[in-house]
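Working notes for the structure below.
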Amino acid sequence: MADPVLYAVAGGVATITLNRPDVLNSMDDAMGRSLIAALRRAAADREAACVVLTGAGRGFCAGQDLREPQSDLGGAIRNRYNPIVRAIRACRQPVIAAVNGVAAGAGCAFTLACDLRIASTQASFVMAFGKIGLVPDSGASFFLPRLIGLGKAMELALLGGRVDAGEALRLGLVNRVVAPEELEAATAAWAGELAGGPYSLGLIKRALLHGAAADLEAALEQEAYLQDLAGRSADHREARAAFVEKRPPKFTRS
Ligand code: T3D
């Protein structure tokens, strides 16, 4: 049986591919465990300065495999879905969702948990939970209103309509839309740029994630804390020297 999640590192970029294309990469137990392991591996991988999450075939991820018998849904959320979302957020590197096709239910929520989203024109987003008598999970109730506002989030969650890539871009649900044949190259270009960036990119991610969920006082203090860390980095010293010497900086991610 094919591995349900593929992991590869090249050029400083770890690519994690959901790999059950026949069922639009919907998630069963084996895939859930493999995905958690792959995300944790990426977070600890010293060769990886950026992580890409994508899907094999025509889907990104259609959420829970509805053919898998499930009795304890709370347990499934706590033991499978929440750890995936935490693992995405805990990656010290920026995580890009390269959304190649439909992202539904928890699959949609995974894209929202990523730091950047590039969608193919063939991608679509479905808050499928309500249609099958469930509620948004995998952080969707947290991420969606923050990304697109409460009113639109409520519409997508309650009505469960399929949002195409163009509308997703208009709503701010994705950062960029490209032709299907350009998705890999466009993702590689951003991932390569991030992988070649300074140590502080990981701290910028931490600052924004903290700021988005904190009050102003907490955000100000967290910024001071992270700036202290960034200010001690070799990459910051190098960038200052490069500025003064009027040359491009050479980063070592340290
Ligand atoms: O239960 C718990 O543990 C709680 C956790 C919940 C988390 C969740 O994610 S709940 C949401 C679960 N997902 C869904 O409800 C989405 C179900 N799928 C769809 O609505 C549609 O398939 C899509 C809108 C995603 C795509 O539609 P379309 O027309 O492009 O494709 P299709 O023909 O429906 O699907 C293609 C194949 O994938 C098809 O198989 P077949 O007929 O060719 O053998 C279809 O059954 C299969 N597939 C799609 N989604 C799932 C799936 N198989 C199992 N589980 C799926 N979620």
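Simple scheme: letters A, B, ... for chains in structure tokens order, numbers from 1 for residues in each chain, numbers from 1 for ligands in the order shown.
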
Exercise for review: Could you tell me, as a PyMOL selection string, which residues of range 9-252 of chain A DSSP assigns to alpha helix (DSSP H) when given the backbone?
Suggested key: chain A and resi 29-44+73-76+82-90+106-113+140-148+150-159+165-171+183-195+200-212+216-231+234-244

Cut-off 7 Å: closest chain A/ligand 1 atom pairs per residue, using only C-alpha atoms and all ligand atoms, as CSV:
residue,atom,partner,partner_atom_place_in_ligand_line,distance
A:Asp22,CA,ligand 1,38 (O),6.0
A:Val23,CA,ligand 1,38 (O),3.6
A:Leu24,CA,ligand 1,38 (O),4.9
A:Ser26,CA,ligand 1,57 (N),5.0
A:Ala62,CA,ligand 1,25 (C),4.7
A:Gly63,CA,ligand 1,9 (O),3.3
A:Gln64,CA,ligand 1,9 (O),3.9
A:Asp65,CA,ligand 1,55 (N),3.4
A:Leu66,CA,ligand 1,55 (N),3.9
A:Arg67,CA,ligand 1,54 (C),5.3
A:Gln70,CA,ligand 1,1 (O),5.9
A:Leu73,CA,ligand 1,3 (O),4.9
A:Ala76,CA,ligand 1,3 (O),5.0
A:Ile77,CA,ligand 1,5 (C),6.1
A:Val102,CA,ligand 1,25 (C),5.9
A:Ala103,CA,ligand 1,25 (C),6.6
A:Ala104,CA,ligand 1,25 (C),5.2
A:Gly105,CA,ligand 1,9 (O),3.8
A:Ala106,CA,ligand 1,9 (O),3.8
A:Gly107,CA,ligand 1,9 (O),6.2
A:Val126,CA,ligand 1,24 (C),6.6
A:Ala128,CA,ligand 1,15 (O),4.8
A:Phe129,CA,ligand 1,11 (C),4.8
A:Lys131,CA,ligand 1,15 (O),6.9
A:Ile132,CA,ligand 1,15 (O),5.9
A:Leu134,CA,ligand 1,10 (S),6.7
A:Asp137,CA,ligand 1,7 (C),6.3

Review point. So how many Å separate CA of Thr15 in chain A and CA of Ser124 in chain A, to one decimal?
Key: 20.9 Å

Point to revise | Within 8 Å of Ile88 in chain A using only C-alpha atoms, minus same-chain residues under 3 positions, as a list in words | key: Leu39, Ile84, Val85, Cys91, Val95, Ala113 and Cys114 of chain A

Would you output that residue set with N, CA and C atoms, as a short mmCIF file (atom, residue, chain, number, x, y, z; two decimals), in the first residue's frame?
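out_14.cif written:
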data_model
loop_
_atom_site.label_atom_id
_atom_site.label_comp_id
_atom_site.auth_asym_id
_atom_site.auth_seq_id
_atom_site.Cartn_x
_atom_site.Cartn_y
_atom_site.Cartn_z
N LEU A 39 4.85 16.35 10.02
CA LEU A 39 4.93 17.75 10.45
C LEU A 39 5.96 17.91 11.57
N ILE A 84 -2.68 17.72 14.57
CA ILE A 84 -2.22 18.16 13.24
C ILE A 84 -2.14 19.68 13.20
N VAL A 85 -3.21 20.32 13.66
CA VAL A 85 -3.24 21.79 13.63
C VAL A 85 -2.13 22.36 14.51
N CYS A 91 5.44 24.52 13.79
CA CYS A 91 6.63 24.52 12.93
C CYS A 91 7.34 25.85 13.11
N VAL A 95 5.00 27.82 6.93
CA VAL A 95 4.36 26.68 6.26
C VAL A 95 3.45 27.22 5.14
N ALA A 113 -4.72 26.91 8.72
CA ALA A 113 -3.71 26.88 9.78
C ALA A 113 -2.32 27.19 9.25
N CYS A 114 -2.13 27.05 7.92
CA CYS A 114 -0.82 27.34 7.33
C CYS A 114 -0.58 28.85 7.32
#

Exercise for review: Quote the spacing between CA of Val99 in chain A and CA of Leu18 in chain A in Å to one decimal place.
Suggested key: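 CA of Leu18 in chain A lies 11.1 Å from CA of Val99 in chain A.
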
Excluding same-chain residues fewer than 4 positions from range 202-215 of chain A, what lies within 7 Å of it counting only C-alpha atoms, as a PDB file with C-alpha atoms, in the first residue's frame?
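What follows is the written file out36.pdb:
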ATOM      1  CA  ARG A  92       9.389  27.059  13.525  1.00  0.00           C
ATOM      2  CA  GLN A  93       9.511  27.533   9.727  1.00  0.00           C
ATOM      3  CA  PRO A  94       6.839  29.239   7.603  1.00  0.00           C
ATOM      4  CA  ALA A 219       1.634  41.764  21.635  1.00  0.00           C
ATOM      5  CA  GLN A 222       6.040  39.553  22.804  1.00  0.00           C
ATOM      6  CA  GLU A 223       7.481  41.778  20.059  1.00  0.00           C
ATOM      7  CA  LEU A 226      11.265  38.247  19.893  1.00  0.00           C
TER       8      LEU A 226
END

Review point. Near Asn25 in chain A, within 7 Å and counting only C-alpha atoms, which residues show up once chain neighbours fewer than 3 positions away are dropped, as an MDAnalysis selection string?
Key: chainID A and resid 18:21 55 59:62

Review point. DSSP on the backbone: what in range 36-239 of chain A comes out strand (DSSP E or B), as a ChimeraX atom specification?
Key: /A:50-55,59-61,64,95-99,102-104,116-120,124-126,162-164,176-178

Practice item. Can you pull out every residue within 8 Å of range 176-185 of chain A, counting only C-alpha atoms, but drop anything in the same chain fewer than 6 positions away, and send it as a VMD selection string? Key: chain A and resid 98 100 117 to 122 165 to 166 169

Practice item. Go ahead and compute the interatomic distance for CA of Cys108 in chain A and CA of Leu201 in chain A, in Å to one decimal. Key: 24.9 Å
